[in-house]
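What follows is a single structure, written as structure tokens, with notes after it.
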Amino acid sequence: MTDQVKPQASVLANLDEVRAMIKRHKLNDSIFAIIGLVALMIGLLTLLTLFVDLVMDGYPRFNLDFMSEFPSRRAGSAGLLSAWVGSLLVLSVTFISAVPMGVGAGIYLEEYAPKNWFSDLIEINVTNLAGVPSIIYGLLALGLFVYILGLGQSIVTAGLTLGLLILPVVIVSTREAIRSIPVAIREAAYAVGATKWQVVSQHVVHYSFGGILTGVIIGMSRAIGETAPIITIGALTFIAFLPPSPVSAEPPYLNFDWLFSGFTVLPIQMFSWLSRPNPEFHINAAATGAIIIVVTLLMNGTAIWLRYNMRKKIKW
Amino acid sequence: MNMATQVLDTPDLPISARFAKNIKRNIKERVIEFILMLAAMSAVATTLAIVAILLYESASFFEHVSIVDFLTDTQWTPLFEDAHYGIMPLVAGTLTTSFIALLVAVPIGTIGAIYLSEFASHKTREIVKPILELLVGVPTVVFGYFALLFVTPMLQTFLPNLPAFNMLGPGIVIGIMVVPYIASLAEDAMRAVPMSMREGSYAMGATRFQTALRVVTPAAVSGIVAAYILAISRAVGETMVVAIAAGQQPTLTFNPMEGAATITAYIVQVAMGDLPHGSIGYQSIFAAGLVLMLMTLAFNLIGHATRKKFRESY
């Protein structure tokens with residue numbers, strides 16, 4: 001009897017130890033879960049606080065006058081007119097230059113490129129370009145567009161610079177979108193006698209349109225907020241005029257002088273107000289920042305919503 | 001479609017004539033392929049142009065300034081009468097702000113990623129992931145505002161000696177700025193670890209925390225390091241936050257309580273002024289840009305080597 005009890009007791013002692021250990025480990029689990037949640041919340045809530053702070057600071061300037069006035073020496077009557085018009089024009093150049101080039105490159109890399117060193121070279125370049133600091137693009141533009149090509153410190157220079165900057169974004173998302181199209185779709189099109197370009201343009205691009213659009217929106221929203229490269233090319237910070245209108249009432253109706261006009265954009269206007277010591281201008285900067293954030297968040301939100309919805313909808 | 005109907009509609013033509021359109025079609029196909037290839041080449045062209053411009057302008061810069069001075073001089077005053085061209089103060093500023101940023105971002109980002117990947121419910125993840133992606137898009141000039149007018153004043157309440165322009169505030173803000181990058185990318189890497197590895201670990205009686213720390217994290221380390229590298233690149237190349245809030249004075253210091261210009265802040269400062277094309281000041285921003293580029297490259301190479309060393313295949 002005693003012989004049997006003894007080992008049992010030791011087993012029980014062990015069991016207690018094991019239970020204690022399990023308890024400890026489970027406690028570790030919960031502790032980490034809390035730490036993790038706190039870490040995530042620090043990241044998210046800090047940003048939320050900052051955004052609320054921005055909106056509250058800029059609140060007094062949220063009115064129509066702010067959008068329709070030129071910058072001024074008096075903070076109270078300064079507005080964003082030249083900045084948002086400039087942003088709009090620069091972004092249109094960016095859109096026209098980056099989208100065809102980026103989508104074309106994405107199509108080439110996914111559908112046409114042979115598997116050789118040349119394609120690898122392009123791939124490596126695209127990956128690396130995505131990691132190049134944006135201010136380097138500004139230096140490229142300053143040397144190449146402004147002086148070698150003689151485009152000056154103009155809207156077209158800024159637009160092309162941002163176009164180059166978002167090119168990797170557009171290329172990568174185009175490729176991802178195209179890659180998700182099953183081969184069967186292509187085979188079916190080939191089987192009825194379509195040429196490669198017919199397959200690509202009428203089927204592959206058609207079905208991946210949503211994904212490509214997502215990438216374009218994300219790229220454009222990045223271009224809106226990008227400041228450093230545009231400062232580097234020497235954009236002016238105080239612009240009290242609008243570029244010449246792109247459309248006119250008389251023939252030839254379209255006018256391209258605006259491409260070579262001086263300009264300012266929203267983030268530069270914000271930076272310029274922020275660098276002034278007078279705190280009244282900081283209110284203007286806050287209001288501008290809030291506007292930029294809302295616009296970029298709306299665009300990014302649309303893009304993310306598009307992507308998640310597409311993932312749900314399409315079942316190949 | 002056209003061709004098919006043509007073949008069917010004209011059965012009396014010889015077969016070669018019926019397919020004559022193919023040549024035209026083939027040419028069109030070739031031209032399109034060529035145009036698409038040119039578009040793809042734009043990436044290579046951009047890289048080449050960046051390297052060429054930086055090297056070309058830096059070469060003119062180094063005709064006036066010896067590389068030894070550039071690397072050893074402790075002052076950077078290219079725009080002054082008594083010009084010194086030592087890049088070290090700018091590099092020190094860049095390294096200090098980046099280091100503070102990583103000190104903030106790496107722990108928060110990694111823990112956040114582990115939580116998101118291993119602990120959070122499906123629903124939480126579905127909500128938090130898109131928010132992280134959204135935050136990546138917030139423009140950096142806005143973060144500059146926060147650094148100057150929110151974080152620095154806040155820090156000043158318990159660090160009364162902190163000057164208005166300092167490296168601590170911008171460093172912390174850059175850190176918070178890159179948290180979403182690290183959290184999102186590291187989480188992706190952890191999600192990519194096969195479920196069977198977790199199941200194996202759980203079957204041995206490991207808890208979630210043990211599994212996360214000893215199974216999932218080591219297996220995903222390659223992707224996690226890649227996330228860190230991206231964060232470093234962002235922090236080193238970050239411009240607006242430091243240009244706004246870290247001060248414009250190049251000072252050789254690693255003390256975050258002082259203000260100091262970074263490489264990027266210097267480039268902005270010069271570009272804001274009116275420097276004549278071809279002057280030494282103009283060339284100096286390209287030399288600074290070249291150093292920035294090399295630093296980014298160096299971090300990327302280190303990261304690549306680390307990834308290779310720790311990569312686990314499963």
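By order of appearance in the structure tokens: chains A, B, ..., then residues from 1 within every chain, and ligands from 1 in the order shown.
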All residues 12 Å or closer to Ala45 of chain B, only C-alpha atoms, same chain fewer than 4 positions away omitted, as a PyMOL selection string: (chain A and resi 121-122+125-126+129+140+164) or (chain B and resi 38-41+49-53)
Closest pair table for chain B residues within 7 Å of chain A, only C-alpha atoms, as JSON lines:
{"residue": "B:Glu29", "atom": "CA", "partner": "A:Trp197", "partner_atom": "CA", "distance": 6.4}
{"residue": "B:Leu36", "atom": "CA", "partner": "A:Gly104", "partner_atom": "CA", "distance": 5.1}
{"residue": "B:Met37", "atom": "CA", "partner": "A:Tyr108", "partner_atom": "CA", "distance": 6.0}
{"residue": "B:Ala39", "atom": "CA", "partner": "A:Ala105", "partner_atom": "CA", "distance": 4.8}
{"residue": "B:Ala40", "atom": "CA", "partner": "A:Ala105", "partner_atom": "CA", "distance": 3.9}
{"residue": "B:Met41", "atom": "CA", "partner": "A:Ile122", "partner_atom": "CA", "distance": 6.8}
{"residue": "B:Ala43", "atom": "CA", "partner": "A:Val126", "partner_atom": "CA", "distance": 5.8}
{"residue": "B:Val44", "atom": "CA", "partner": "A:Asn125", "partner_atom": "CA", "distance": 5.8}
{"residue": "B:Thr47", "atom": "CA", "partner": "A:Asn125", "partner_atom": "CA", "distance": 6.8}
{"residue": "B:Ile50", "atom": "CA", "partner": "A:Leu140", "partner_atom": "CA", "distance": 5.4}
{"residue": "B:Ile53", "atom": "CA", "partner": "A:Leu140", "partner_atom": "CA", "distance": 6.2}
{"residue": "B:Ile108", "atom": "CA", "partner": "A:Ala39", "partner_atom": "CA", "distance": 5.2}
{"residue": "B:Ile111", "atom": "CA", "partner": "A:Gly36", "partner_atom": "CA", "distance": 5.4}
{"residue": "B:Gly112", "atom": "CA", "partner": "A:Leu40", "partner_atom": "CA", "distance": 4.9}
{"residue": "B:Tyr115", "atom": "CA", "partner": "A:Gly36", "partner_atom": "CA", "distance": 5.0}
{"residue": "B:Phe119", "atom": "CA", "partner": "A:Ala33", "partner_atom": "CA", "distance": 6.5}
{"residue": "B:Pro130", "atom": "CA", "partner": "A:Ile304", "partner_atom": "CA", "distance": 6.8}
{"residue": "B:Leu134", "atom": "CA", "partner": "A:Asn300", "partner_atom": "CA", "distance": 6.0}
{"residue": "B:Gly137", "atom": "CA", "partner": "A:Arg222", "partner_atom": "CA", "distance": 6.3}
{"residue": "B:Val138", "atom": "CA", "partner": "A:Ile293", "partner_atom": "CA", "distance": 6.2}
{"residue": "B:Pro139", "atom": "CA", "partner": "A:Gly225", "partner_atom": "CA", "distance": 4.6}
{"residue": "B:Val141", "atom": "CA", "partner": "A:Pro267", "partner_atom": "CA", "distance": 6.5}
{"residue": "B:Val142", "atom": "CA", "partner": "A:Gly289", "partner_atom": "CA", "distance": 5.6}
{"residue": "B:Phe146", "atom": "CA", "partner": "A:Leu50", "partner_atom": "CA", "distance": 6.5}
{"residue": "B:Ile176", "atom": "CA", "partner": "A:Gly43", "partner_atom": "CA", "distance": 6.3}
{"residue": "B:Val179", "atom": "CA", "partner": "A:Gly43", "partner_atom": "CA", "distance": 6.5}
{"residue": "B:Thr207", "atom": "CA", "partner": "A:His25", "partner_atom": "CA", "distance": 6.7}
{"residue": "B:Arg208", "atom": "CA", "partner": "A:Asp29", "partner_atom": "CA", "distance": 6.4}
{"residue": "B:Phe209", "atom": "CA", "partner": "A:Asp29", "partner_atom": "CA", "distance": 5.1}
{"residue": "B:Ser233", "atom": "CA", "partner": "A:Gly131", "partner_atom": "CA", "distance": 6.8}
{"residue": "B:Arg234", "atom": "CA", "partner": "A:Pro133", "partner_atom": "CA", "distance": 7.0}
{"residue": "B:Gly237", "atom": "CA", "partner": "A:Pro133", "partner_atom": "CA", "distance": 4.8}
{"residue": "B:Thr239", "atom": "CA", "partner": "A:Ala228", "partner_atom": "CA", "distance": 6.3}
{"residue": "B:Met240", "atom": "CA", "partner": "A:Ala228", "partner_atom": "CA", "distance": 6.4}
{"residue": "B:Ile244", "atom": "CA", "partner": "A:Ser275", "partner_atom": "CA", "distance": 6.8}
{"residue": "B:Val268", "atom": "CA", "partner": "A:Thr232", "partner_atom": "CA", "distance": 6.0}
{"residue": "B:Ala271", "atom": "CA", "partner": "A:Thr232", "partner_atom": "CA", "distance": 5.0}
{"residue": "B:Met272", "atom": "CA", "partner": "A:Gly234", "partner_atom": "CA", "distance": 6.3}
{"residue": "B:Phe286", "atom": "CA", "partner": "A:Leu139", "partner_atom": "CA", "distance": 6.8}
{"residue": "B:Gly289", "atom": "CA", "partner": "A:Ile136", "partner_atom": "CA", "distance": 6.4}
Those same residues - C-alpha atoms - I'd like them written as a PDB file, in the first residue's frame.
ATOM      1  CA  GLU B  29       1.419  43.241 -82.629  1.00  0.00           C
ATOM      2  CA  LEU B  36       5.118  48.319 -74.035  1.00  0.00           C
ATOM      3  CA  MET B  37       8.776  47.394 -73.737  1.00  0.00           C
ATOM      4  CA  ALA B  39       7.305  51.737 -71.058  1.00  0.00           C
ATOM      5  CA  ALA B  40       8.979  49.019 -69.013  1.00  0.00           C
ATOM      6  CA  MET B  41      12.377  50.441 -69.868  1.00  0.00           C
ATOM      7  CA  ALA B  43      12.156  52.103 -64.854  1.00  0.00           C
ATOM      8  CA  VAL B  44      15.706  51.334 -65.955  1.00  0.00           C
ATOM      9  CA  THR B  47      17.509  54.565 -62.263  1.00  0.00           C
ATOM     10  CA  ILE B  50      19.244  59.282 -61.083  1.00  0.00           C
ATOM     11  CA  ILE B  53      22.712  63.134 -62.495  1.00  0.00           C
ATOM     12  CA  ILE B 108       5.690  49.034 -31.367  1.00  0.00           C
ATOM     13  CA  ILE B 111       4.629  43.736 -31.130  1.00  0.00           C
ATOM     14  CA  GLY B 112       1.675  45.137 -33.025  1.00  0.00           C
ATOM     15  CA  TYR B 115      -0.536  40.676 -31.880  1.00  0.00           C
ATOM     16  CA  PHE B 119      -3.625  36.997 -31.126  1.00  0.00           C
ATOM     17  CA  PRO B 130      -7.079  48.618 -43.735  1.00  0.00           C
ATOM     18  CA  LEU B 134      -4.654  54.092 -44.794  1.00  0.00           C
ATOM     19  CA  GLY B 137      -0.765  57.282 -47.077  1.00  0.00           C
ATOM     20  CA  VAL B 138      -0.749  60.254 -44.689  1.00  0.00           C
ATOM     21  CA  PRO B 139       1.502  62.949 -46.219  1.00  0.00           C
ATOM     22  CA  VAL B 141       4.344  67.403 -44.321  1.00  0.00           C
ATOM     23  CA  VAL B 142       1.415  66.873 -41.968  1.00  0.00           C
ATOM     24  CA  PHE B 146       2.700  67.419 -35.485  1.00  0.00           C
ATOM     25  CA  ILE B 176       5.131  56.771 -35.267  1.00  0.00           C
ATOM     26  CA  VAL B 179       4.883  51.993 -37.361  1.00  0.00           C
ATOM     27  CA  THR B 207       0.908  28.447 -25.772  1.00  0.00           C
ATOM     28  CA  ARG B 208       0.108  31.156 -28.286  1.00  0.00           C
ATOM     29  CA  PHE B 209       2.847  33.373 -26.949  1.00  0.00           C
ATOM     30  CA  SER B 233      14.882  53.685 -45.756  1.00  0.00           C
ATOM     31  CA  ARG B 234      11.820  55.771 -44.965  1.00  0.00           C
ATOM     32  CA  GLY B 237      15.049  59.614 -46.536  1.00  0.00           C
ATOM     33  CA  THR B 239      12.461  65.059 -45.445  1.00  0.00           C
ATOM     34  CA  MET B 240       9.569  67.230 -44.424  1.00  0.00           C
ATOM     35  CA  ILE B 244      10.154  71.581 -40.400  1.00  0.00           C
ATOM     36  CA  VAL B 268      15.307  71.508 -48.844  1.00  0.00           C
ATOM     37  CA  ALA B 271      16.327  74.466 -52.775  1.00  0.00           C
ATOM     38  CA  MET B 272      14.091  77.004 -50.995  1.00  0.00           C
ATOM     39  CA  PHE B 286      23.746  66.657 -55.279  1.00  0.00           C
ATOM     40  CA  GLY B 289      21.919  63.469 -52.240  1.00  0.00           C
TER      41      GLY B 289
END
What does the distance from atom CA of Glu199 of chain B to atom CA of Arg125 of chain B come to in Å, to one decimal? 20.2 Å
Can you list, as a list in words, every protein, DNA or RNA residue that comes within 9 Å of Phe209 of chain A when you count only C-alpha atoms, leaving out same-chain residues fewer than 5 positions away?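 So, after excluding close chain neighbours, the residues are Thr174, Ala177, Ile178, Val204 and Thr214 of chain A.
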For the selection you just gave me, I'd like the residues written to a file as a PDB file, in the first residue's frame, keeping C-alpha atoms.
ATOM      1  CA  THR A 174      -0.788  46.531 -62.326  1.00  0.00           C
ATOM      2  CA  ALA A 177      -3.819  42.734 -60.692  1.00  0.00           C
ATOM      3  CA  ILE A 178      -2.817  40.994 -63.913  1.00  0.00           C
ATOM      4  CA  VAL A 204      -6.551  40.612 -69.211  1.00  0.00           C
ATOM      5  CA  THR A 214      -6.668  50.740 -57.046  1.00  0.00           C
TER       6      THR A 214
END
Contact residues around Phe61 of chain B with only C-alpha atoms at 8 Å, ignoring same-chain residues under 5 positions, as a list in words: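 Close residues of Phe61 of chain B: Ile280, Gln283, Ser284 and Ala287 of chain B.
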What does the distance from atom CA of Leu91 of chain A to atom CA of Gln269 of chain B come to in Å, to one decimal?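 Computing the Euclidean distance for atom CA of Leu91 of chain A and atom CA of Gln269 of chain B yields 24.5 Å.
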Excluding segment 168-173 of chain B and its own-chain neighbours fewer than 6 positions away, which residues fall within 7 Å of it when counting only C-alpha atoms? Please give them as a list in words. Thr97, Ser98, Ile100, Ala101, Val104, Phe143, Ala147, Val151, Thr152, Val241, Val242, Ala245, Ala246, Pro256 and Met257 of chain B
